[in-house]
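What follows is a set of notes on a single structure, which appears directly below.
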Amino acid sequence: MTMIHNGLPAQMSYREALAHAMHSALDQHDNTIIIGQGVTDFKGIFGTVLGLAETHPSRVIETPLAEDSVTGICIGAALNGVYPINIHIRADFGLLAANQLINLAAKYKYMFGGLFNVPMMVRMVIGRSWGQGAQHSQSLQSLFAHIPGLVVLMPSTPEAIVSSYAHAIAHHAGPVIMLEHRLMYDLVFETARQATVPHPFGSRVERSGGDVTIVATSIMVLEARRAAAHLAAHGIDCEIIDLHSISHPDHQMILDSIAKTGRLVVADTSWQPYGVSAEICRIVAERDPRLLKAPVVTLGMAPAPCPTAKALEDMYYPDLHVLVDATARLVRGREDHGVPILDAKSMTDFYKHFKGPF
Amino acid sequence: MRCVGCSAGFGGTALSVETASRVQKMVRTSRYEALFAQALRIRLFEERLIELYPFDKIQSPVHLSIGQEAVAVGVCESLTREDLLSTTYRGHAFYIAKGGRLPELMAELYGRANGISGGKAGSMHLAAPEVGMMGASAVVASTIPHAVGSALAARLRKTGQLSVVVYGDGATEQGVHHESLNFAALHQLPVLFICENNELAVHTRPDARQAYRIIDHVGTYGIEALRIEEGYDFLRVGDVVGATVEAMRRDGRPRFIEILTRRYKEHVGPGEDFAAGYRSRAEIESWMAKDPLIADADLVADLTPAIMKEIDEAVAFAEAGPLPDRSALLKDVL
């Protein structure tokens, strides 16, 4: 296997990157623990922590169904020299920890005037497809990113996982929330094509282009890549920014890109109101709205809880058709933009290499 | 040696206040005087807050522990600087008893840059990590799991520290109390849970809030649970906590102690609220009659001048402290 980029193999799945990050965390840092419901079971959080309970029995800690206290336990452990990695197999369960995350972890350093640091990582998995429904699929990045004191990241590639998880554990002395997309776990990426980034927590230019800027999060970065490849064949050159950091997006990177393209599409995995879409628009509107040649376009989930039925679920999420059509309309400035809409599978079907249960 | 006048609960006959005072004077010990002085220091500090409050020098809600000092003093007596203590927003007493500094505390209440946390914490979020005071939260019960986590860390790092968390009777109603007891018992972690039971959650009595007896509830986890009725008696509290702490240092197992106490002032603020009708002055007066800080008037008189001088200096330190400037506003967010 060809080894490149910090010893990573040339090809790597999202799941393998997560497992690599977790194994490295325990192997390289004696003070690290992995804690959560299911971390020692035979599935090992979709395989991302498998084997670790055997090699590090005292540092991989199964928990009761008690997200509130476990998050507080992580804070207490962090205050006493341990680095906790707390995993929620569905991001929705992270809401049971909202008091500890928002009222305590986020504020502990500030409200005590810098007397304490709370270095800890919270992994939350976003479910999707196969009828995950309203309470197993939520993409809650905006809610957490709204709170000063929290770093919220949505890695979309193995490179982003390996670099930002390692950086969080070794160098960031505060709480970090990692939102991982379940649908990407089985996807294999070419690690060689990962861009070098100035900061592991930073936004990334995923693709350079001159006609339109697509700011995307998580799996929408992959969808933007598919759309960009198709649009390029029809004369539309997309620049893609993988936002990665939801809480601290790279404002200048976004503005520089729009200065070049004059057009903005925001493609997020969550709802548009009060969210990532709204925030990116705020950044542009406050800094220099004159950069825009046309009104912005935002794409997100339908403004409803997620339905379970497959037929409705397919309509619920923005997909390649919507992204291609909306981007082409924006660039061409008219409804009949002339770009054929791909007869591609929905994103769920395209990315899914398995059938339930999951 | 134990104060005879404070021996109720050890099987001794409770003495009348007058008799107790006389006997106390005869058998004063250095331990008694040291704990008394610490308790009095807390009371006089908070009584100074009552004097200062009308002048708006302190623009932060204060939850006073007047009446409850013996709990803080008795609990902290056998803790070391390395032992970690998490507390509630009614935390002045514990901050002082654990070894925090009065000038920085007063400056913090004044919102000054030379306060403990540069004015960002106020009264409700006191901390002194240098003496193991690991922070308080204004959200009831939310620091309970922190002590469990710090005990987990102590176990993993083999530091030998005890973790202690203090919370009120109302906090036992929160689910996180159950979750924390369960986790501590499951992993047999060295956490001492202290329930400072003043029988009020803001203005609501236990019979309107709890369908369980706290100590029975805790017992279901297999955690050894004790109850101290004489929460006014710092020696009694100190003895029970001391014996418990000693046992915990030997076996590393969790323990729980409920300590009955009374607050003399309103839930938040410097005043009294007996006129509000939810509790009677007579109930508190019967408690006050047993309060050594009232009963032992001679010792109060002996110790007060030196304490008042210390408090005066703390006020001067706060008055002279600079206001935090804009550079502090966005400092320490991440």
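Chain labels A, B, ... are given in the sequence in which chains occur in the structure tokens; within each chain residues are numbered consecutively from 1, and ligands are likewise numbered from 1 in the order shown.
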Exercise. Identify, on the basis of only C-alpha atoms, every residue whose closest approach to B:Leu334 does not exceed 9 Å; exclude the query and any residue fewer than 4 positions from it along the same chain; express the result as number ranges by chain.
Key: A: 106-107, 109-110, 117, 148-151, 172-175
Quiz item: Given a cut-off of 9 Å, which residues of chain B touch chain A, counting only C-alpha atoms, written out as a ChimeraX atom specification?
Solution: /B:84,116-122,125-129,134-135,137,139,142-154,156-157,175-180,182-183,328,330-334
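Relative to atom CA of A:Ser245, atom CA of A:Ala302 is found at 23.2 Å.
When atom CA of B:Gln210 is paired with atom CA of B:Ile259, their separation reads 16.8 Å.
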Practice problem: Using DSSP on the backbone coordinates, identify all residues within stretch 44-234 of chain B classified as strand (DSSP E or B); present the result as number ranges by chain. | Solution: B: 84-88, 128, 133-137, 163-168, 191-197, 201, 204, 224-228
Quiz prompt | Secondary structure check, helix (DSSP H, G or I) residues of stretch 128-244 of chain B, as a PyMOL selection string | solution = chain B and resi 129-131+144-157+169-173+175-186+206-208+214-219+234-244
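Across the structure, atom CA of B:Pro254 and atom CA of B:Ala225 are spaced 9.4 Å apart.
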Quiz item: Could you name the residues that touch A:Phe189 at 6 Å or less, counting only C-alpha atoms, but leaving out those on the same chain fewer than 3 positions away, as a PyMOL selection string?
Solution: chain A and resi 11-13
Dump all heavy atoms for the selected residues as a PDB file, in the first residue's frame?
```
ATOM      1  N   GLN A  11      -5.525   5.285  -0.381  1.00  0.00           N
ATOM      2  CA  GLN A  11      -6.988   5.277  -0.358  1.00  0.00           C
ATOM      3  C   GLN A  11      -7.442   4.936   1.045  1.00  0.00           C
ATOM      4  O   GLN A  11      -6.856   4.092   1.719  1.00  0.00           O
ATOM      5  CB  GLN A  11      -7.521   4.225  -1.328  1.00  0.00           C
ATOM      6  CG  GLN A  11      -7.318   4.584  -2.780  1.00  0.00           C
ATOM      7  CD  GLN A  11      -8.145   3.691  -3.681  1.00  0.00           C
ATOM      8  OE1 GLN A  11      -8.416   2.540  -3.354  1.00  0.00           O
ATOM      9  NE2 GLN A  11      -8.570   4.236  -4.815  1.00  0.00           N
ATOM     10  N   MET A  12      -8.495   5.580   1.450  1.00  0.00           N
ATOM     11  CA  MET A  12      -8.941   5.384   2.822  1.00  0.00           C
ATOM     12  C   MET A  12     -10.428   5.710   2.902  1.00  0.00           C
ATOM     13  O   MET A  12     -10.900   6.677   2.290  1.00  0.00           O
ATOM     14  CB  MET A  12      -8.169   6.351   3.719  1.00  0.00           C
ATOM     15  CG  MET A  12      -8.229   6.042   5.185  1.00  0.00           C
ATOM     16  SD  MET A  12      -7.203   7.234   6.080  1.00  0.00           S
ATOM     17  CE  MET A  12      -6.856   6.285   7.534  1.00  0.00           C
ATOM     18  N   SER A  13     -11.160   4.910   3.650  1.00  0.00           N
ATOM     19  CA  SER A  13     -12.580   5.239   3.825  1.00  0.00           C
ATOM     20  C   SER A  13     -12.733   6.198   5.010  1.00  0.00           C
ATOM     21  O   SER A  13     -11.850   6.315   5.860  1.00  0.00           O
ATOM     22  CB  SER A  13     -13.404   3.974   4.072  1.00  0.00           C
ATOM     23  OG  SER A  13     -13.157   3.472   5.369  1.00  0.00           O
TER      24      SER A  13
END
```
Exercise. For A:Leu342, please output as a PyMOL selection string all residues within 10 Å (counting only C-alpha atoms; exclusion window: fewer than 2 positions along the same chain).
Key: chain A and resi 227+230+320-321+324-325+339-340+344-345
Quiz item: Could you pull the residues within 8 Å of A:Met184, counting only C-alpha atoms, minus those fewer than 2 positions along the same chain, as a PyMOL selection string?
Solution: chain A and resi 14-15+181-182+186-187+219+351
Quiz item: Skipping near chain neighbours, those fewer than 2 positions away, what residues fall within 10 Å of B:Leu40 using only C-alpha atoms, listed as a ChimeraX atom specification?
Solution: /B:34-38,42-46,66,69-70,73,292-294,299-300,303-304,307
With N, CA and C atoms retained, export the selected residues as a short mmCIF file (atom, residue, chain, number, x, y, z; two decimals), in the first residue's frame.
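Once everything was written out, this is again05.cif:
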```cif
data_model
loop_
_atom_site.label_atom_id
_atom_site.label_comp_id
_atom_site.auth_asym_id
_atom_site.auth_seq_id
_atom_site.Cartn_x
_atom_site.Cartn_y
_atom_site.Cartn_z
N ALA B 34 -10.52 26.86 66.00
CA ALA B 34 -10.13 27.04 64.59
C ALA B 34 -11.35 26.93 63.68
N LEU B 35 -12.18 25.93 63.93
CA LEU B 35 -13.37 25.78 63.10
C LEU B 35 -14.36 26.91 63.35
N PHE B 36 -14.47 27.28 64.61
CA PHE B 36 -15.36 28.39 64.98
C PHE B 36 -14.93 29.66 64.25
N ALA B 37 -13.61 29.91 64.29
CA ALA B 37 -13.09 31.13 63.65
C ALA B 37 -13.37 31.11 62.15
N GLN B 38 -13.23 29.94 61.55
CA GLN B 38 -13.49 29.84 60.11
C GLN B 38 -14.98 30.09 59.81
N ILE B 42 -16.72 33.35 57.75
CA ILE B 42 -17.71 33.26 56.65
C ILE B 42 -18.93 34.12 56.98
N ARG B 43 -19.40 33.99 58.23
CA ARG B 43 -20.61 34.74 58.59
C ARG B 43 -20.37 36.25 58.54
N LEU B 44 -19.26 36.67 59.10
CA LEU B 44 -19.00 38.11 59.12
C LEU B 44 -18.76 38.65 57.71
N PHE B 45 -18.12 37.84 56.87
CA PHE B 45 -17.93 38.26 55.49
C PHE B 45 -19.29 38.48 54.82
N GLU B 46 -20.18 37.54 55.01
CA GLU B 46 -21.49 37.66 54.36
C GLU B 46 -22.33 38.76 55.00
N ILE B 66 -25.51 32.26 55.34
CA ILE B 66 -25.63 32.56 56.76
C ILE B 66 -26.60 31.56 57.40
N GLU B 69 -23.01 27.83 57.66
CA GLU B 69 -21.54 27.84 57.62
C GLU B 69 -20.92 26.55 58.13
N ALA B 70 -21.59 25.94 59.11
CA ALA B 70 -21.00 24.76 59.74
C ALA B 70 -20.84 23.61 58.74
N VAL B 73 -17.60 24.41 56.76
CA VAL B 73 -16.43 24.30 57.65
C VAL B 73 -16.18 22.84 58.01
N PRO B 292 -23.70 27.66 67.36
CA PRO B 292 -22.55 28.09 68.18
C PRO B 292 -22.13 29.53 67.91
N LEU B 293 -22.31 29.97 66.67
CA LEU B 293 -21.88 31.34 66.33
C LEU B 293 -22.75 32.39 67.02
N ILE B 294 -23.89 31.95 67.53
CA ILE B 294 -24.74 32.85 68.33
C ILE B 294 -24.60 32.51 69.80
N LEU B 299 -16.80 33.88 72.59
CA LEU B 299 -15.80 33.56 71.57
C LEU B 299 -16.00 34.43 70.32
N VAL B 300 -17.25 34.70 70.02
CA VAL B 300 -17.53 35.63 68.91
C VAL B 300 -16.84 36.96 69.19
N LEU B 303 -13.01 36.78 68.78
CA LEU B 303 -12.45 36.55 67.43
C LEU B 303 -12.81 37.64 66.42
N THR B 304 -13.89 38.38 66.71
CA THR B 304 -14.41 39.32 65.72
C THR B 304 -13.42 40.40 65.28
N ILE B 307 -11.02 39.29 62.56
CA ILE B 307 -11.74 38.95 61.32
C ILE B 307 -12.22 40.21 60.62
#
```
At a cut-off of 6 Å, using only C-alpha atoms, what residues contact stretch 279-292 of chain A? Leave out same-chain residues fewer than 4 positions from it and give the result as an mmCIF file with N, CA, C and O atoms, in the first residue's frame.
```cif
data_model
loop_
_atom_site.group_PDB
_atom_site.id
_atom_site.type_symbol
_atom_site.label_atom_id
_atom_site.label_comp_id
_atom_site.auth_asym_id
_atom_site.auth_seq_id
_atom_site.Cartn_x
_atom_site.Cartn_y
_atom_site.Cartn_z
ATOM 1 N N ALA A 259 -15.421 37.303 -4.423
ATOM 2 C CA ALA A 259 -14.847 38.420 -5.182
ATOM 3 C C ALA A 259 -14.472 37.950 -6.590
ATOM 4 O O ALA A 259 -14.533 38.711 -7.554
ATOM 5 N N GLY A 262 -18.449 36.155 -7.909
ATOM 6 C CA GLY A 262 -19.617 37.032 -7.862
ATOM 7 C C GLY A 262 -20.925 36.326 -7.558
ATOM 8 O O GLY A 262 -21.985 36.935 -7.518
ATOM 9 N N ARG A 263 -20.853 35.013 -7.348
ATOM 10 C CA ARG A 263 -22.100 34.273 -7.115
ATOM 11 C C ARG A 263 -21.889 33.274 -5.984
ATOM 12 O O ARG A 263 -20.823 32.672 -5.859
#
```
Practice problem: Determine the nearest neighbour of A:Leu8 from the options A:Ile161, A:Leu143, A:Leu243, A:Ala232, counting only C-alpha atoms. | Solution: A:Ile161
